[in-house]
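Peer 1: The structure under discussion is supplied below as structure tokens; questions concerning it will follow.
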Amino acid sequence: MRLPFTRRKPAPSKAERYATATQLQLTWWRFCRHRLAVVSLIVLLLAYTAAIMADFLATTDPHQTNAATSYIEPQAIHWFDNGGFHPFVYGLKGARDMRTFKLSYKVDTSRKVYLDLFAHNYDYSLFGFRTDIHLFGLRNANRNDGIYILGTDQLGRDLWSRLAVATRVSLFIGLVGVSISLFLGVILGGVSAIYGGWIDILVQRMIEVVRSMPTIPLWLGLSAAMPSSWSVTQVYLAITIIISLLSWTDLARTVRGKFLSLREEDFVLAAELAGASQARIIFFHMLPSFTSHIIAAVSLALPAMIISETSLSFLGLGLRPPAISWGVLLQDAQNVQTLVLAPWLLTVAVPVIIVILAFNFLGDGLRDAADPYG
Amino acid sequence: MNADVILDVRGLRKFFPIRKGLLRRVVGNVRAVDRVSFFIRRGETLALVGESGCGKTTVSRCILRALTPTEGSVLFHHDGQTVDLAKLRRRALRPLRRHMQMVFQDPYASLNPRMVVGDIIGEPLLINGMRDRTERRARVQELMELVHLPASVMNRFPHAFSGGQRQRIGIARALALNPSLVVADEPVSALDVSVQAQILNLMLDLQDRLGLTYLFVAHDLSVVKHVSNRVAVMYVGRIVEVAETETLYASPLHPYTEALLSAAPAPVPGAVSSRIILEREIADPANPPPGCAFHPRCRYATARCREETPELAEIAPGRHVACLRAAELSLRGIGKAPAA
């Protein structure tokens with residue numbers, strides 16, 4: 001490489017761009033080289049967009065039960081009809097089983113129900129606006145007709161719509177939980193490193209105690225302590241807090257380690273020798289040096305958080321119906337009988353796996369890119 | 001004491017406690033610096049020389065109060081006043097910091113990679129009350145010219161510079177506050193040999209122009225010879241010899257100095273090396289041997305050296321040595337003795 005300042009004219013050359021690139025730019029350039037992480041980032045952005053727009057994507061009210069539509073198999077959307085683009089699904093027809101005398105609904109291929117874009121359905125609020133417009137819906141539908149892309153559950157609720165709402169709950173429980181544990185981690189880890197001495201020892205032992213507790217019995221105990229009269233929102237908050245109270249330890253250790261290693265850096269000493277105050281050193285020199293590490297640590301903590309919620313709810317210790325989350329949905333797929341009858345209930349595991357993997361790849365990429373000077 | 005002395009270090013000690021066990025009980029001390037005394041005259045360069053781990057960096061950090069000495073005093077003479085830096089509290093120290101600055105060994109670690117060069121050099125100015133942006137910019141420009149860096153690179157980040165250029169930035173930052181004393185902690189040992197000379201010449205030039213006083217910490221005697229007026233040799237936390245540079249090189253009085261000198265590469269092609277190889281490891285400062293700390297490696301050691309600890313004594317004007325046999329030994333130096 002040419003020496004940066006042997007150039008006479010500061011043309012916007014590649015070398016010049018590199019020379020004046022901020023830390024964020026360098027990190028970004030390096031992150032972009034990690035293909036898998038970039039793909040993961042896009043996947044996650046899509047997932048969170050979908051989560052925010054969950055009600056918009058839903059085709060029917062996720063809470064609405066209908067005995068008639070119990071265990072409908074996933075339906076394909078047919079895109080072309082009569083040589084033109086006219087998406088439709090087949091309607092449902094009730095038929096009595098002559099052996100059991102049970103009325104069950106089957107797909108009726110003789111009747112087509114056409115799809116509309118931006119159709120009206122149940123009311124919901126998006127960014128504070130009340131609306132009833134959904135991405136697509138049915139035109140002239142019978143009571144039992146529906147777009148069952150992923151099938152329905154035992155109570156006849158559309159799995160696709162439920163999955164959309166569950167994604168919102170599960171993804172944001174992760175974010176809220178990580179924010180709480182990040183707050184705890186940075187404060188406790190920072191205090192531990194800056195003050196040292198017995199405070200440091202106290203915090204470190206506390207971390208060890210928290211980490212050595214077996215999580216499942218603890219969750220059991222804590223969720224048993226939750227009054228059953230609590231509303232869905234209260235339970236939601238309580239679960240978030242329980243999860244984050246246990247997962248701040250990793251972040252606290254990362255923060256403490258970074259503080260300790262940065263304190264020995266020459267540029268920190270240089271600032272101190274120039275007469276800089278403690279606050280200036282912490283906020284101008286130390287914190288900017290490890291925000292990228294914290295972001296990476298957070299992106300690795302998020303999937304753990306989401307998995308915690310999912311497994312808690314799956315075990316019936318976390319969110320409970322009528323709340324909808326990934327764990328709650330998977331709970332329906334818990335026994336063999338349902339799996340034989342309605343294997344499509346397991347499709348909920350697919351977004352869980354995709355999101356967790358994407359978070360892990362993203363975390364990897366961020367961690368590699370976090371320190372462009374390393 | 002002489003009126004033109006700027007810094008007078010007396011009986012400086014710095015122990016690092018060794019803690020063990022659950023209760024972090026102190027089980028011993030690393031005697032990193034043990035009763036070090038020396039002085040620096042205004043405008044001169046004193047070199048502090050020794051092997052890695054001998055405590056020379058600890059001494060320099062105690063002087064700047066990056067570390068708090070365990071014992072002893074660091075008398076700093078400034079504006080006709082004398083302050084003991086070792087005893088000052090952090091807060092009282094801050095206004096004095098501007099008079100003594102440091103140049104670091106590692107030009108990569110000593111510049112904050114998240115700040116542009118202009119901000120790095122300007123930071124001491126900002127901290128010490130130069131709030132005005134344009135005023136600060138002008139001063140930064142001036143400083144950059146002083147260390148031969150074009151002012152146009154002010155908006156670049158340190159990662160765009162080579163080691164030598166970074167060291168210039170470090171020097172500019174150290175000079176920002178017009179210090180009278182600059183502590184240079186091995187300022188060239190991390191640089192390429194070709195760049196070392198440039199930086200050393202720059203430092204000498206700046207000393208002439210700005211009337212700086214240097215404490216120059218080094219492990220390399222060939223570098224020291226080029227820049228310093230006087231040399232203090234350290235071994236395991238103690239000073240073993242202090243003398244004018246040329247005198248020390250020509251006729252060392254301490255066996256350790258002799259060994260160090262013999263290790264310096266001769267600038268003559270084909271010169272036969274008569275290097276004295278020191279056997280055994282450097283003494284452990286947590287557990288120094290009894291008597292003279294150097295005796296296990298000294299080829300002149302006697303039974304007396306194992307029992308008695310030599311004190312630094314002035315055996316000729318301006319010549320201090322801590323060796324029991326200093327008077328009887330005649331040691332080999334390099335170069336010619338200065339004309340008397």
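Numbering starts fresh at 1 for the residues of each chain in the structure tokens, the chains themselves are lettered A, B, ... in the order given, and ligands are numbered from 1 as they appear.
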With only C-alpha atoms as the counted atoms, please give the residues lying no more than 6 Å from Glu71 (chain B), apart from itself and same-chain residues fewer than 2 positions off, as a VMD selection string.
Peer 2: chain B and resid 12 to 13 69
Peer 1: Suppose we keep N, CA and C atoms; can you now write the selection as a PDB file, in the first residue's frame?
Peer 2:
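Below is the file that was written, part27.pdb:
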ATOM      1  N   LEU B  12      12.976   5.768  46.228  1.00  0.00           N
ATOM      2  CA  LEU B  12      11.706   5.325  45.664  1.00  0.00           C
ATOM      3  C   LEU B  12      11.546   3.813  45.787  1.00  0.00           C
ATOM      4  N   ARG B  13      10.382   3.410  46.293  1.00  0.00           N
ATOM      5  CA  ARG B  13      10.087   1.979  46.408  1.00  0.00           C
ATOM      6  C   ARG B  13       8.704   1.715  45.851  1.00  0.00           C
ATOM      7  N   PRO B  69       3.796   5.313  44.391  1.00  0.00           N
ATOM      8  CA  PRO B  69       4.938   4.637  45.005  1.00  0.00           C
ATOM      9  C   PRO B  69       4.596   4.150  46.414  1.00  0.00           C
TER      10      PRO B  69
END
Peer 1: Distance cut-off 6 Å, counting only C-alpha atoms - which residues of chain A neighbour chain B? Return them as a short mmCIF file (atom, residue, chain, number, x, y, z; two decimals) with N, CA and C atoms, in the first residue's frame.
Peer 2:
data_model
loop_
_atom_site.label_atom_id
_atom_site.label_comp_id
_atom_site.auth_asym_id
_atom_site.auth_seq_id
_atom_site.Cartn_x
_atom_site.Cartn_y
_atom_site.Cartn_z
N ALA A 19 -8.28 5.53 5.22
CA ALA A 19 -7.60 6.32 6.25
C ALA A 19 -8.56 7.10 7.12
N THR A 20 -9.64 7.58 6.52
CA THR A 20 -10.55 8.40 7.30
C THR A 20 -11.81 7.64 7.71
N ASP A 266 -2.40 1.62 26.86
CA ASP A 266 -1.58 2.83 26.92
C ASP A 266 -2.38 4.09 26.63
N PHE A 267 -3.34 3.98 25.70
CA PHE A 267 -4.05 5.21 25.35
C PHE A 267 -4.94 5.70 26.49
N ALA A 274 -2.75 13.10 30.78
CA ALA A 274 -3.08 14.43 30.28
C ALA A 274 -4.01 15.16 31.24
N GLY A 275 -4.44 14.45 32.28
CA GLY A 275 -5.28 15.09 33.29
C GLY A 275 -6.76 14.82 33.10
N ALA A 276 -7.11 13.83 32.29
CA ALA A 276 -8.52 13.55 32.04
C ALA A 276 -9.18 13.00 33.30
#
Peer 1: CA of Gly53 (chain B) and CA of Ile277 (chain B), how far apart in Å?
Peer 2: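 A separation of 18.5 Å between them.
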Peer 1: May I have all residues of region 17-201 of chain A that DSSP, computed from the backbone, assigns to strand (DSSP E or B), given as a ChimeraX atom specification?
Peer 2: /A:78-81,84-96,103-126,129-138,152,158
Peer 1: So which residues of region 128-300 of chain B fall under alpha helix (DSSP H) by DSSP, listed as an MDAnalysis selection string?
Peer 2: chainID B and resid 133:146 163:175 193:210 221:227 245:250 255:263
Peer 1: Determine, for each residue of region 301-328 of chain A having at least one atom at most 10 Å from an atom of region 361-372 of chain A, the closest pair of atoms and their separation in Å to one decimal, counting only C-alpha atoms; order by chain and ascending number, as CSV.
Peer 2:
residue,atom,partner,partner_atom,distance
A:Ala301,CA,A:Gly363,CA,8.8
A:Leu302,CA,A:Gly363,CA,9.4
A:Pro303,CA,A:Gly363,CA,9.7
Peer 1: Print the selection's residues with C-alpha atoms to a file, as a tab-separated table (two decimals), in the first residue's frame.
Peer 2:
chain	number	residue	atom	x	y	z
A	301	ALA	CA	-27.51	-13.77	24.13
A	302	LEU	CA	-30.74	-13.14	22.23
A	303	PRO	CA	-31.25	-16.66	20.86
Peer 1: Need the shell around Leu206 (chain B): protein/DNA/RNA residues with any atom at most 12 Å away, counting only C-alpha atoms. Skip same-chain ones fewer than 3 positions apart. Format as a PyMOL selection string?
Peer 2: chain B and resi 43+143+145-148+168+171-172+174-175+178-180+182+199-203+209-214
Peer 1: For the residues in the current selection, export N, CA and C atoms as a tab-separated table (two decimals), in the first residue's frame.
Peer 2:
chain	number	residue	atom	x	y	z
B	43	GLY	N	17.08	20.19	31.17
B	43	GLY	CA	17.62	20.21	29.82
B	43	GLY	C	18.49	19.03	29.45
B	143	LEU	N	1.69	21.69	16.23
B	143	LEU	CA	2.37	20.52	16.82
B	143	LEU	C	2.70	19.49	15.75
B	145	GLU	N	3.32	20.04	12.63
B	145	GLU	CA	4.46	20.52	11.86
B	145	GLU	C	5.75	20.30	12.64
B	146	LEU	N	5.66	20.48	13.94
B	146	LEU	CA	6.82	20.31	14.82
B	146	LEU	C	7.39	18.89	14.71
B	147	VAL	N	6.51	17.90	14.53
B	147	VAL	CA	6.99	16.52	14.43
B	147	VAL	C	7.01	16.04	12.98
B	148	HIS	N	6.99	17.00	12.05
B	148	HIS	CA	7.08	16.72	10.61
B	148	HIS	C	5.96	15.83	10.10
B	168	ARG	N	5.37	9.64	16.01
B	168	ARG	CA	5.39	11.11	15.89
B	168	ARG	C	4.11	11.71	16.46
B	171	ILE	N	4.39	11.70	20.10
B	171	ILE	CA	5.28	12.77	20.58
B	171	ILE	C	4.56	14.11	20.54
B	172	ALA	N	3.83	14.33	19.45
B	172	ALA	CA	3.07	15.59	19.34
B	172	ALA	C	2.09	15.72	20.48
B	174	ALA	N	2.37	14.37	23.44
B	174	ALA	CA	3.10	14.62	24.68
B	174	ALA	C	3.52	16.08	24.79
B	175	LEU	N	3.79	16.69	23.63
B	175	LEU	CA	4.28	18.08	23.65
B	175	LEU	C	3.17	19.11	23.69
B	178	ASN	N	3.15	21.77	26.41
B	178	ASN	CA	4.43	22.39	26.74
B	178	ASN	C	5.03	21.84	28.02
B	179	PRO	N	5.25	20.57	28.11
B	179	PRO	CA	5.78	20.02	29.36
B	179	PRO	C	7.25	20.38	29.50
B	180	SER	N	7.74	20.36	30.73
B	180	SER	CA	9.17	20.58	30.89
B	180	SER	C	9.90	19.24	30.96
B	182	VAL	N	9.80	15.19	29.83
B	182	VAL	CA	9.17	14.15	29.02
B	182	VAL	C	9.78	12.81	29.40
B	199	ILE	N	13.29	8.96	14.57
B	199	ILE	CA	12.57	9.36	15.77
B	199	ILE	C	13.53	9.93	16.81
B	200	LEU	N	14.69	9.27	16.95
B	200	LEU	CA	15.67	9.76	17.93
B	200	LEU	C	16.15	11.15	17.56
B	201	ASN	N	16.45	11.35	16.28
B	201	ASN	CA	16.90	12.67	15.85
B	201	ASN	C	15.83	13.72	16.06
B	202	LEU	N	14.58	13.33	15.80
B	202	LEU	CA	13.47	14.25	16.03
B	202	LEU	C	13.42	14.64	17.51
B	203	MET	N	13.60	13.64	18.37
B	203	MET	CA	13.53	13.93	19.80
B	203	MET	C	14.66	14.85	20.24
B	209	ARG	N	15.14	22.67	20.61
B	209	ARG	CA	14.25	23.79	20.30
B	209	ARG	C	13.36	24.18	21.47
B	210	LEU	N	12.93	23.19	22.25
B	210	LEU	CA	11.95	23.49	23.29
B	210	LEU	C	12.52	23.41	24.70
B	211	GLY	N	13.82	23.10	24.78
B	211	GLY	CA	14.45	23.02	26.10
B	211	GLY	C	13.87	21.93	26.97
B	212	LEU	N	13.61	20.77	26.37
B	212	LEU	CA	12.99	19.68	27.12
B	212	LEU	C	13.99	18.92	27.96
B	213	THR	N	13.50	18.29	28.99
B	213	THR	CA	14.30	17.38	29.78
B	213	THR	C	13.73	15.98	29.54
B	214	TYR	N	14.61	15.04	29.25
B	214	TYR	CA	14.13	13.69	28.98
B	214	TYR	C	14.56	12.70	30.06
Peer 1: Please list as a list in words every residue within 7 Å of Leu85 (chain B), counting only C-alpha atoms and excluding residues in the same chain fewer than 3 positions away.
Peer 2: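 Counting only the stated atoms, we get Val74, Leu75, Phe76 and Leu88 of chain B.
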Peer 1: Would you mind telling me which residue in B:His254, B:Arg136, B:Arg131, B:His320 lies nearest to Ala301 (chain B) when using only C-alpha atoms?
Peer 2: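 Checking each candidate against Ala301 (chain B), we get B:His254 as the closest.
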Peer 1: For Ile243 (chain A), list every protein, DNA or RNA residue within 8 Å, evaluated using only C-alpha atoms, and leave out those in the same chain fewer than 2 positions away; present the list as a ChimeraX atom specification.
Peer 2: /A:177,239-241,245-247,305,308-309
Peer 1: Please compute the CA of Ala224 (chain A)-CA of Leu317 (chain A) distance, one decimal, in Å.
Peer 2: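 Interatomic distance here is 7.7 Å.
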Peer 1: Residues within 10 Å of Val348 (chain A), please, as a list in words. Count only C-alpha atoms; anything in the same chain fewer than 4 positions from it doesn't count.
Peer 2: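 Near neighbours after the sequence-gap exclusion: Leu150, Leu159, Trp160, Arg162, Leu163, Ala166, Thr167, Ser325, Trp326, Gly327, Leu329, Leu330, Ala333, Trp344, Val352 and Ile353 of chain A.
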Peer 1: What lies within 10 Å of Ser189 (chain B) using only C-alpha atoms, ignoring chain neighbours under 6 positions off, as a PDB file with C-alpha atoms, in the first residue's frame?
Peer 2:
ATOM      1  CA  GLN B 105       6.772   2.296  23.859  1.00  0.00           C
ATOM      2  CA  ASP B 106       4.029   0.809  21.717  1.00  0.00           C
ATOM      3  CA  GLN B 196      14.507   4.488  15.027  1.00  0.00           C
ATOM      4  CA  ALA B 218      15.687   1.876  27.259  1.00  0.00           C
ATOM      5  CA  HIS B 219      17.021  -1.633  27.238  1.00  0.00           C
ATOM      6  CA  ASP B 220      19.421  -0.998  24.425  1.00  0.00           C
ATOM      7  CA  VAL B 223      20.359   3.709  21.358  1.00  0.00           C
TER       8      VAL B 223
END
Peer 1: Have a look at A:Thr131, A:Ser277, A:Ser313, A:Thr249 and name the one nearest to Ala297 (chain A); count only C-alpha atoms.
Peer 2: A:Thr249
